[in-house]
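Student: Here's a structure for you.
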Amino acid sequence: MRRRILGGGAGFACALLALVLTGCAAGSSETVDYTTSAVTLVPGSALVVDFGEINPTVGDEWVITREPDPAVLDPGAADSRYLGENGEVGAPSEFRYRFAPVGLGTTVIEFEYRFRGAVPDEESDRRSAEITVTVKQ
């Protein structure tokens with residue numbers, strides 16, 4: 001078995017490359033309100049769809065009803081930030097989904113508001129969103 005020990009310059013170059021790649025992976029993000037109908041991204045710039053405040057403790061939720069094309073965007077990840085005080089129960093949260101581009105192209109994502117797992121009975125309480133996402137150079 002051969003071992004190769006990198007000299008100071010080569011080790012520095014590898015460390016620098018790792019740092020650059022990590023920086024590229026983090027990328028930037030484009031935040032849009034869920035009422036936005038279309039957005040254009042560049043590779044490395046994630047899409048964040050902001051749904052504002054919801055209260056999951058009473059049954060509020062937003063679900064993906066049409067997933068993005070996996071050749072264009074990743075499946076997405078939900079993210080929330082609790083707005084209550086430490087130890088407080090029942091406060092609302094800020095809610096969003098984040099999607100990272102995986103390739104060039106156009107796809108559509110659809111979302112639906114649900115209350116306690118179901119579409120609300122009252123027409124005025126029903127909400128949905130459809131966002132066309134284009135990733136191009």
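We label chains A, B, ... in the order they appear in the structure tokens, count residues from 1 in each chain, and number ligands from 1 in the order shown.
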So that I can see what lies close to Tyr97 of chain A, please list as a list in words the residues with an atom at most 7 Å from it, counting only C-alpha atoms and leaving out residues fewer than 6 positions away in the same chain.
Tutor: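 With the cut-off at 7 Å, the set is Val48, Val49, Asp50, Gly76, Ala77, Ala78 and Asp79 of chain A.
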Student: Asp33 of chain A: which residues within 12 Å, counting only C-alpha atoms, same-chain residues fewer than 2 positions away excluded, as a PyMOL selection string?
Tutor: chain A and resi 30-31+35-39+47-53+95-97+129-131
Student: Using Å and a single decimal, report how far atom CA of Val133 of chain A sits from atom CA of Glu67 of chain A.
Tutor: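 Atom CA of Val133 of chain A lies at a distance of 11.7 Å from atom CA of Glu67 of chain A.
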Student: Restricting the calculation to only C-alpha atoms: of A:Pro56, A:Pro70, A:Gly90, A:Pro43, which residue gets closest to Lys136 of chain A?
Tutor: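 Using only C-alpha atoms, the shortest distance to Lys136 of chain A belongs to A:Pro43.
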Student: List every residue of chain A that DSSP, applied to the backbone of this structure, assigns to alpha helix (DSSP H), and report them as JSON, numbers by chain.
Tutor: {"A": [8, 9, 10, 11, 12, 13, 14, 15, 16, 17, 18, 19, 20, 21, 22, 23, 24, 25, 26]}
Student: In terms of the shortest atom-to-atom distance over only C-alpha atoms, which of A:Ser45, A:Ser93, A:Thr107, A:Ser28 is closest to Gly59 of chain A?
Tutor: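 Smallest distance to Gly59 of chain A is found for A:Ser93.
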Student: So what do you get for atom CA of Leu73 of chain A versus atom CA of Arg114 of chain A, distance-wise?
Tutor: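 Value for the atom CA of Leu73 of chain A-atom CA of Arg114 of chain A distance: 23.8 Å.
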Student: Could you tell me how far atom CA of Gly105 of chain A sits from atom CA of Val63 of chain A, in Å to one decimal place?
Tutor: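 Computing the Euclidean distance for atom CA of Val63 of chain A and atom CA of Gly105 of chain A yields 23.2 Å.
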Student: Please return as an MDAnalysis selection string: the residues of chain A that backbone DSSP assigns to strand (DSSP E).
Tutor: chainID A and resid 28:33 38:41 45:54 60:66 77:82 93:99 105:115 128:135
Student: Keeping C-alpha atoms, export the residues of the selection given above as a compact mmCIF listing (two decimals), in the first residue's frame.
Tutor:
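Just written: out_0.txt:
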# COMPACT_ATOMS: atom_id res chain seq x y z
CA SER A 28 -28.16 32.21 -1.38
CA SER A 29 -31.91 32.03 -1.24
CA GLU A 30 -34.87 33.70 -2.90
CA THR A 31 -37.75 34.15 -0.43
CA VAL A 32 -41.25 34.58 -1.87
CA ASP A 33 -44.70 34.77 -0.36
CA ALA A 38 -43.74 32.39 -10.60
CA VAL A 39 -40.08 32.70 -9.68
CA THR A 40 -36.78 32.27 -11.52
CA LEU A 41 -33.71 30.89 -9.77
CA SER A 45 -29.91 29.80 -5.08
CA ALA A 46 -32.59 28.03 -3.04
CA LEU A 47 -36.28 28.88 -3.09
CA VAL A 48 -37.93 29.68 0.25
CA VAL A 49 -41.74 29.85 0.19
CA ASP A 50 -43.01 31.87 3.16
CA PHE A 51 -46.46 31.02 4.55
CA GLY A 52 -46.36 33.56 7.36
CA GLU A 53 -47.73 32.63 10.77
CA ILE A 54 -49.64 29.42 11.41
CA ASP A 60 -52.99 24.67 11.05
CA GLU A 61 -50.73 23.23 8.37
CA TRP A 62 -49.62 23.71 4.76
CA VAL A 63 -48.94 20.57 2.72
CA ILE A 64 -47.40 19.99 -0.69
CA THR A 65 -50.09 18.60 -3.00
CA ARG A 66 -47.96 18.60 -6.16
CA ALA A 77 -38.10 20.70 3.53
CA ALA A 78 -40.49 22.38 5.94
CA ASP A 79 -39.06 24.84 8.44
CA SER A 80 -40.71 26.72 11.28
CA ARG A 81 -39.75 29.10 14.05
CA TYR A 82 -41.82 29.07 17.24
CA SER A 93 -44.97 29.75 14.39
CA GLU A 94 -43.49 31.27 11.25
CA PHE A 95 -43.68 28.59 8.58
CA ARG A 96 -41.85 28.09 5.26
CA TYR A 97 -40.70 25.46 2.79
CA ARG A 98 -37.19 25.49 1.29
CA PHE A 99 -36.33 23.93 -2.10
CA GLY A 105 -35.74 23.55 -16.17
CA THR A 106 -39.25 24.52 -15.09
CA THR A 107 -41.51 22.84 -12.57
CA VAL A 108 -44.67 23.59 -10.61
CA ILE A 109 -45.22 23.19 -6.87
CA GLU A 110 -48.70 23.23 -5.36
CA PHE A 111 -49.62 23.70 -1.71
CA GLU A 112 -52.86 23.48 0.24
CA TYR A 113 -53.86 24.79 3.64
CA ARG A 114 -55.35 22.22 5.96
CA PHE A 115 -56.95 22.52 9.36
CA SER A 128 -53.98 27.03 -1.92
CA ALA A 129 -50.90 28.09 -3.81
CA GLU A 130 -49.32 27.22 -7.14
CA ILE A 131 -45.81 28.43 -7.93
CA THR A 132 -44.03 27.89 -11.23
CA VAL A 133 -40.28 27.68 -10.66
CA THR A 134 -37.74 28.08 -13.43
CA VAL A 135 -34.06 27.34 -12.82
